[in-house]
Number of protein chains: 4
Amino acid sequence: MSSSFGTVFKATTFGESHCAGVGVVVDGCPPRLPLTEADVQRQLDRRRPGQSRLSTDRNETDTVRILSGTENGLTLGTPIALLVPNRDQRPADYASMQQAPRPSHADYTYQMKYGIRAASGGGRSSARETLARVAAGTVAEKLLRERFGVEIVAWVGAVGDVDAPEVDVLTVDRAGVDRFDVRCPHAESAGRMMAEIARVKAASDSVGGVVACVCRNAPAGWGEPVFGKTEALLAQAMLSIPATKGFEIGSGFAGARMRGSTHNDPFVGKAGRLGTLTNRSGGVQGGITNGEPIVFRVAFKPPATIGQAQATVDFDGAPVTFEARGRHDPCVVPRAVPIVESMAALVLADLALIQSTRK
Amino acid sequence: MSSSFGTVFKATTFGESHCAGVGVVVDGCPPRLPLTEADVQRQLDRRRPGQSRLSTDRNETDTVRILSGTENGLTLGTPIALLVPNRDQRPADYASMQQAPRPSHADYTYQMKYGIRAASGGGRSSARETLARVAAGTVAEKLLRERFGVEIVAWVGAVGDVDAPEVDVLTVDRAGVDRFDVRCPHAESAGRMMAEIARVKAASDSVGGVVACVCRNAPAGWGEPVFGKTEALLAQAMLSIPATKGFEIGSGFAGARMRGSTHNDPFVGKAGRLGTLTNRSGGVQGGITNGEPIVFRVAFKPPATIGQAQATVDFDGAPVTFEARGRHDPCVVPRAVPIVESMAALVLADLALIQSTRK
Amino acid sequence: MSSSFGTVFKATTFGESHCAGVGVVVDGCPPRLPLTEADVQRQLDRRRPGQSRLSTDRNETDTVRILSGTENGLTLGTPIALLVPNRDQRPADYASMQQAPRPSHADYTYQMKYGIRAASGGGRSSARETLARVAAGTVAEKLLRERFGVEIVAWVGAVGDVDAPEVDVLTVDRAGVDRFDVRCPHAESAGRMMAEIARVKAASDSVGGVVACVCRNAPAGWGEPVFGKTEALLAQAMLSIPATKGFEIGSGFAGARMRGSTHNDPFVGKAGRLGTLTNRSGGVQGGITNGEPIVFRVAFKPPATIGQAQATVDFDGAPVTFEARGRHDPCVVPRAVPIVESMAALVLADLALIQSTRK
Amino acid sequence: MSSSFGTVFKATTFGESHCAGVGVVVDGCPPRLPLTEADVQRQLDRRRPGQSRLSTDRNETDTVRILSGTENGLTLGTPIALLVPNRDQRPADYASMQQAPRPSHADYTYQMKYGIRAASGGGRSSARETLARVAAGTVAEKLLRERFGVEIVAWVGAVGDVDAPEVDVLTVDRAGVDRFDVRCPHAESAGRMMAEIARVKAASDSVGGVVACVCRNAPAGWGEPVFGKTEALLAQAMLSIPATKGFEIGSGFAGARMRGSTHNDPFVGKAGRLGTLTNRSGGVQGGITNGEPIVFRVAFKPPATIGQAQATVDFDGAPVTFEARGRHDPCVVPRAVPIVESMAALVLADLALIQSTRK
């Protein structure tokens, strides 16, 4: 269950690391929206491992195919099925995992949940599953951009202890983000982050980080009261991404330390609408967008797969030393950037369509 | 929309501040579970304002009534409707809000979303709506405790800059939490927190804080892959509570600064099952519970309603000075403790029932 | 579970015969729609038993109260909770049911499903549950009429072997339907139906019947492909009403006997749009409305509760003679008319709002 | 929207006639269930056109591929994606439809709904879409048979005016049904039905019919009160199949003519449980299964595509003569048999899993 996300604009994903493919069915996308495989491929390529020396060497082509829902480059209004075949299947690499559950991986929990597990261990918890989210997210982004003018840009805000300074959320764009492999738009921080990742890689270790994101031009009025608040759905969306441990919007955890007199965002007139002078709310009030940029941050833990030997126990509780073989990423946050953007797009596309039922 | 939460154990809430009442329909609760109004009332009373000098003076009785779904103190398996009538309705207090949207409140966003708003301003964004969550949550807690042995305890981890030291998540209980009005189980911190709240109140200001929570004895195997991960649903649940700005599970944002070699939780044998030596994962791996305590933290911003005059604009953009009248809480986190527990209970009750379909 | 109906315009009902009340939460209704308790009461009164000599003597007032979601006679866009308190509770009448499950009632199946059952026997299968549907349906009807000009009219098409002739679906209205207690707009048939019901009542027996319904002025384009086809949702809606055994749309079962050359509805020009010359399709093609009247029929079995002694067995399988005491209706179809209208309104209101996401 | 069916056992379908393929994602299927492509293929082959002289000549191979969710012939508990590639795409045949909407087809309604339509006309209303239902249904059937012992058998009960006599619902099986191309297990009726279809085909016409179905060995207690009644979900499931116009369960429309004294099903002891002497209820009471066979019937209209010229109008309202080219079936009911079985399986698998949450 729960391979579906959204109420009106709904994505249903499928696929493990080592089956025939990973894919998604997008139901509820409005008709007559231009959509081609190239639109989807562009963002998938940003997520792909092996695109720089920062990432795993696994060479996946990850070519998406639109199976249904479009004709002559336009959506039909019917379900859009997108498939990325798995090509590079090396189940042999995973043989050693069969004996012992990998520390901080999902091998153990999948086994306990299902009484069975895929050869690759954690089944749907694999990073490869995120391909389907990005594919669906590009469709959502297309809708948001073309029909509502909404722009979504994410970037790396921290790698380990290297924090980038605040970014101008009104101007940051993907070209600026992609200027450096580490996807931090601040040049000096990007350099220090890349150095940190190199150090970690040399130490056969891994490191965590933070991805920040802004959604611009969403009008006031999106988001559903109570359980469907914009920030609630964004939080669910982000914490559903593998390796995430935290989410904050606007002032976030720092806001918990503040007083109301400095935290409140006074209203001001802005080009024929009301805006706010500051944006500690992060673009939402009472769960509903207020027209200001939606700004949030997502914490990613260090990848569990490291090159060092780890003392753990096997499925029977007997002590073993676990040593990972195969490919692994020392830091996932650069690749997580398009995933965060895609999940944000899925949230906003759904809220935009739901709001259209109020007219 | 989105006044419902859950897939099998489903809560649907209703009610504004100044209508006839606030309530909830709980559908999917298994039959033959002992449940009385007293069970629900106990937790509602912990949420009630006016219970200590820390909180607003508003004197609400908040007496719950079970409208359906039980007979002779047992659930029937049919929908359980719970109603808390509104008694203390003073819409006059809100007259001044009609002219200008209160800063960092939902008056403006509700107006933009619906083209209409309740006299009280932010409609369903009011703190009073949380009564329905707590009522539903007590039913979920009953199920979790009686059928699965699960215990949920939340406490105040920080008020403004006053941070409590780490709490022993294996032993903390509600009696210990309730020993102090501020609901921090650490005596010395509780004292400092209460002093801080008194200072803030004296300054006609408000202050934020952090609520921490542990869910104990959940077996390994709860939580749904991909979008229904335990932490994803907890994040949605928590960020749906008014005034929340952040969520983190296990190592959280601090985990983003760590390396894999120190972050990973090695497995160990524990009384006939596998456990982990450390718990940076926070009780979940790949979104599925691993049998360790589920530990998370929620950031609350300072309440937007303060006694100080604020420079803002009215709905037409004309500058006004806004000064709140009526009752307001300088710090919501002590009262948020049972709300956080209730939302956690709703998440886990649903996941527990979904997992029972796998047998 | 499954006390909810609809995706965007969603009704969640609660309540048994002998608890505090029966009610519904309507979520997703657009804001600024005029709605008062009188609007709801009018249709509830049409459903009420004891309104004529054809029906049970049970004297229920069935007064609805709006608990939330409106202010000054307008919907706020927030959940509308409607409650009908139970006043006339006589659980003693049901004592004899405790020993043996009533034939063709839900006492046995509820006991097997839940391992417990309400004093009244079949819990949520009671006719009283339909109050909540009618209350929700009046809100849906208000939306359909005011925003889309849609009109829904149902009538009794048959009582036992008494079939009314075809009714003009373009002109039949509620005033005409209500002219006779039996709610058949054809005077001569109405007379024969009432005579049949009197005969059945005199024989301490009951009789089935058919309710027909038309929904006029729905534009072309409502209804969702595949599982959300208009006729599929209408079929679910109708078969969810107690005592229903069949549903047909357009040509229905008679259409199964026809050839394509006579069954097909040729298109013709109609006042600036396409229409069809005949309407064997019943207003839908491929599950989507085509602008013609939506016409369907619902079969109701005879009520299970009859005054005659019945040979059956008790819960342990021992032979007993069952004799019903208390109140019972010899024929439910006249009272079912507003229930059918209400369920049709719930279906169309939801489809109308979903279609608005395509613009 | 609404390409998904089910709450816990959930199928999401995709695909038009002339895109890359038709498929389904089955989410919520329990783990460790044996499942291979051959299991699915067997039932798909029963649905295939071109398998006998009764049906269209279109030669489709319809070979299914499992894309995800199984390993070594066992389900993993993760989403099972099934794809049937489209091979025989001849969009040219459909060129003439572009000018005028085919009478009683969905060309017009799709155009009005989406403002665009697939080259093939009615997009998702095509018979080819049912491939995905059958694929999903075989997974559901596997679960029902292996875990619950449930058997589902459908057959042709009528073709045009040729009605088969009552079938013994306790013994009818698929081998008996498949003995004749027309899929009526009664030899003499089968002969007359085939003669009728031959006549209709010779006349370049089409004819409707009825499919009957029995589900055996479902225990008492499946089905959800109110909107999720067994018969309500079966009705939705059946009316969602293309070309259906009616559904009845147990006594159905004939029951509307009966009196309660003859319609009621008295309880009797049956091998350690309660059963009923008669089965006019059709295996359900109050929407919940009572342990008796679930028996229902589905009306199919004659296919809209016929070889005769039809007077209609084009999209602009100008009179045209429409003459279908390409392949078409004179009677769909024989091929509808596995589709009805599959939809019934989807309903019951979901209800079975939901009921397991009550333990």
# chains A, B, ... in the order shown; residues from 1 in each chain; ligands from 1
>>> closest_atom_pairs(of="chain D", to="chain A", cutoff="9 Å", atoms="only C-alpha atoms", output="Markdown table")
| residue | atom | partner | partner_atom | distance |
| --- | --- | --- | --- | --- |
| D:Met1 | CA | A:Gly28 | CA | 4.5 |
| D:Ser2 | CA | A:Asp27 | CA | 7.8 |
| D:Ser3 | CA | A:Asp27 | CA | 6.9 |
| D:Ser4 | CA | A:Asp27 | CA | 8.8 |
| D:Thr7 | CA | A:Met1 | CA | 8.8 |
| D:Val8 | CA | A:Met1 | CA | 6.6 |
| D:Phe9 | CA | A:Met1 | CA | 7.7 |
| D:Lys10 | CA | A:Met1 | CA | 7.7 |
| D:Thr12 | CA | A:Thr12 | CA | 7.7 |
| D:Thr13 | CA | A:Pro79 | CA | 7.8 |
| D:Phe14 | CA | A:Pro79 | CA | 5.4 |
| D:Gly15 | CA | A:Ser68 | CA | 5.0 |
| D:Glu16 | CA | A:Ser68 | CA | 6.6 |
| D:His18 | CA | A:Ser68 | CA | 8.7 |
| D:Cys19 | CA | A:Ser68 | CA | 5.4 |
| D:Ala20 | CA | A:Leu67 | CA | 4.9 |
| D:Gly21 | CA | A:Leu67 | CA | 6.0 |
| D:Val22 | CA | A:Ser68 | CA | 7.7 |
| D:Gly23 | CA | A:Ala81 | CA | 8.8 |
| D:Val24 | CA | A:Val25 | CA | 8.8 |
| D:Val25 | CA | A:Phe14 | CA | 7.1 |
| D:Asp27 | CA | A:Met1 | CA | 5.3 |
| D:Gly28 | CA | A:Met1 | CA | 4.5 |
| D:Cys29 | CA | A:Met1 | CA | 8.1 |
| D:Pro30 | CA | A:Tyr114 | CA | 7.9 |
| D:Pro31 | CA | A:Tyr114 | CA | 5.8 |
| D:Arg32 | CA | A:Ile116 | CA | 6.8 |
| D:Ile66 | CA | A:Ala20 | CA | 7.8 |
| D:Leu67 | CA | A:Ala20 | CA | 4.9 |
| D:Ser68 | CA | A:Gly15 | CA | 5.0 |
| D:Gly69 | CA | A:Gly15 | CA | 6.7 |
| D:Thr70 | CA | A:Cys19 | CA | 8.0 |
| D:Glu71 | CA | A:Ala118 | CA | 6.7 |
| D:Thr75 | CA | A:Ile116 | CA | 8.7 |
| D:Leu76 | CA | A:Arg117 | CA | 6.4 |
| D:Gly77 | CA | A:Tyr114 | CA | 6.3 |
| D:Thr78 | CA | A:Arg124 | CA | 7.2 |
| D:Pro79 | CA | A:Phe14 | CA | 5.4 |
| D:Ile80 | CA | A:Phe14 | CA | 7.1 |
| D:Ala81 | CA | A:Phe14 | CA | 6.5 |
| D:Pro85 | CA | A:Leu67 | CA | 8.9 |
| D:Lys113 | CA | A:Gly77 | CA | 8.9 |
| D:Tyr114 | CA | A:Pro31 | CA | 5.8 |
| D:Gly115 | CA | A:Pro31 | CA | 7.4 |
| D:Ile116 | CA | A:Leu76 | CA | 6.4 |
| D:Arg117 | CA | A:Leu76 | CA | 6.3 |
| D:Ala118 | CA | A:Glu71 | CA | 6.7 |
| D:Ala119 | CA | A:Glu71 | CA | 8.1 |
| D:Gly123 | CA | A:Thr78 | CA | 7.8 |
| D:Arg124 | CA | A:Thr78 | CA | 7.2 |
>>> residues_around(residues="segment 198-215 of chain D", least_positions_apart="5", cutoff="7 Å", atoms="only C-alpha atoms", output="ChimeraX atom specification")
/C:255-261 /D:150-160,169,293-303,306-308,330-331,333,337
>>> closest_residue(among="D:Leu274, D:Val134, D:Leu234, D:Leu353", to="Tyr108 of chain C", atoms="only C-alpha atoms")
D:Leu274
>>> closest_residue(among="C:Thr312, C:Thr61, C:Thr357, C:Ser342", to="Gln99 of chain C", atoms="only C-alpha atoms")
C:Thr312
>>> atom_distance(atom1="atom CA of Thr130 of chain B", atom2="atom CA of Val284 of chain A")
18.8 Å
>>> residues_around(residues="Gly73 of chain C", least_positions_apart="6", cutoff="9 Å", atoms="only C-alpha atoms", output="PyMOL selection string")
chain C and resi 32-37
>>> closest_residue(among="B:His105, B:Arg133, B:Arg335, B:Arg358", to="Val226 of chain A", atoms="only C-alpha atoms")
B:Arg133
>>> closest_residue(among="D:Leu277, D:Leu348, D:Leu233, D:Met194", to="Asp265 of chain D", atoms="only C-alpha atoms")
D:Leu277
>>> atom_distance(atom1="atom CA of Ile288 of chain A", atom2="atom CA of Phe247 of chain A")
17.6 Å
>>> residues_around(residues="Ala309 of chain A", least_positions_apart="2", cutoff="9 Å", atoms="only C-alpha atoms", output="number ranges by chain")
A: 306-307, 311, 321-324
>>> select_by_dssp(residues="segment 132-345 of chain D", states="strand (DSSP E)", output="PyMOL selection string")
chain D and resi 151-159+162-163+209-216+244-249+267-270+273-276+284-285+288-289+294-300+310-313+319-322
>>> select_by_dssp(residues="segment 131-344 of chain A", states="helix (DSSP H, G or I)", output="ChimeraX atom specification")
/A:131-148,174-177,187-202,226-228,230-239,252-255,260-263,333-344
>>> atom_distance(atom1="atom CA of Gly275 of chain D", atom2="atom CA of Asp316 of chain C")
11.5 Å
>>> residues_around(residues="Ser104 of chain A", least_positions_apart="3", cutoff="10 Å", atoms="only C-alpha atoms", output="list in words")
Pro101, Asp107, Tyr108, Thr109, Ala243, Pro303, Ala304 and Thr305 of chain A; Gly260, His263, Asn264, Asp265, Pro266, Phe267, Thr276, Asn279, Arg280, Ser281, Val284, Gln285, Gly286 and Asn290 of chain B
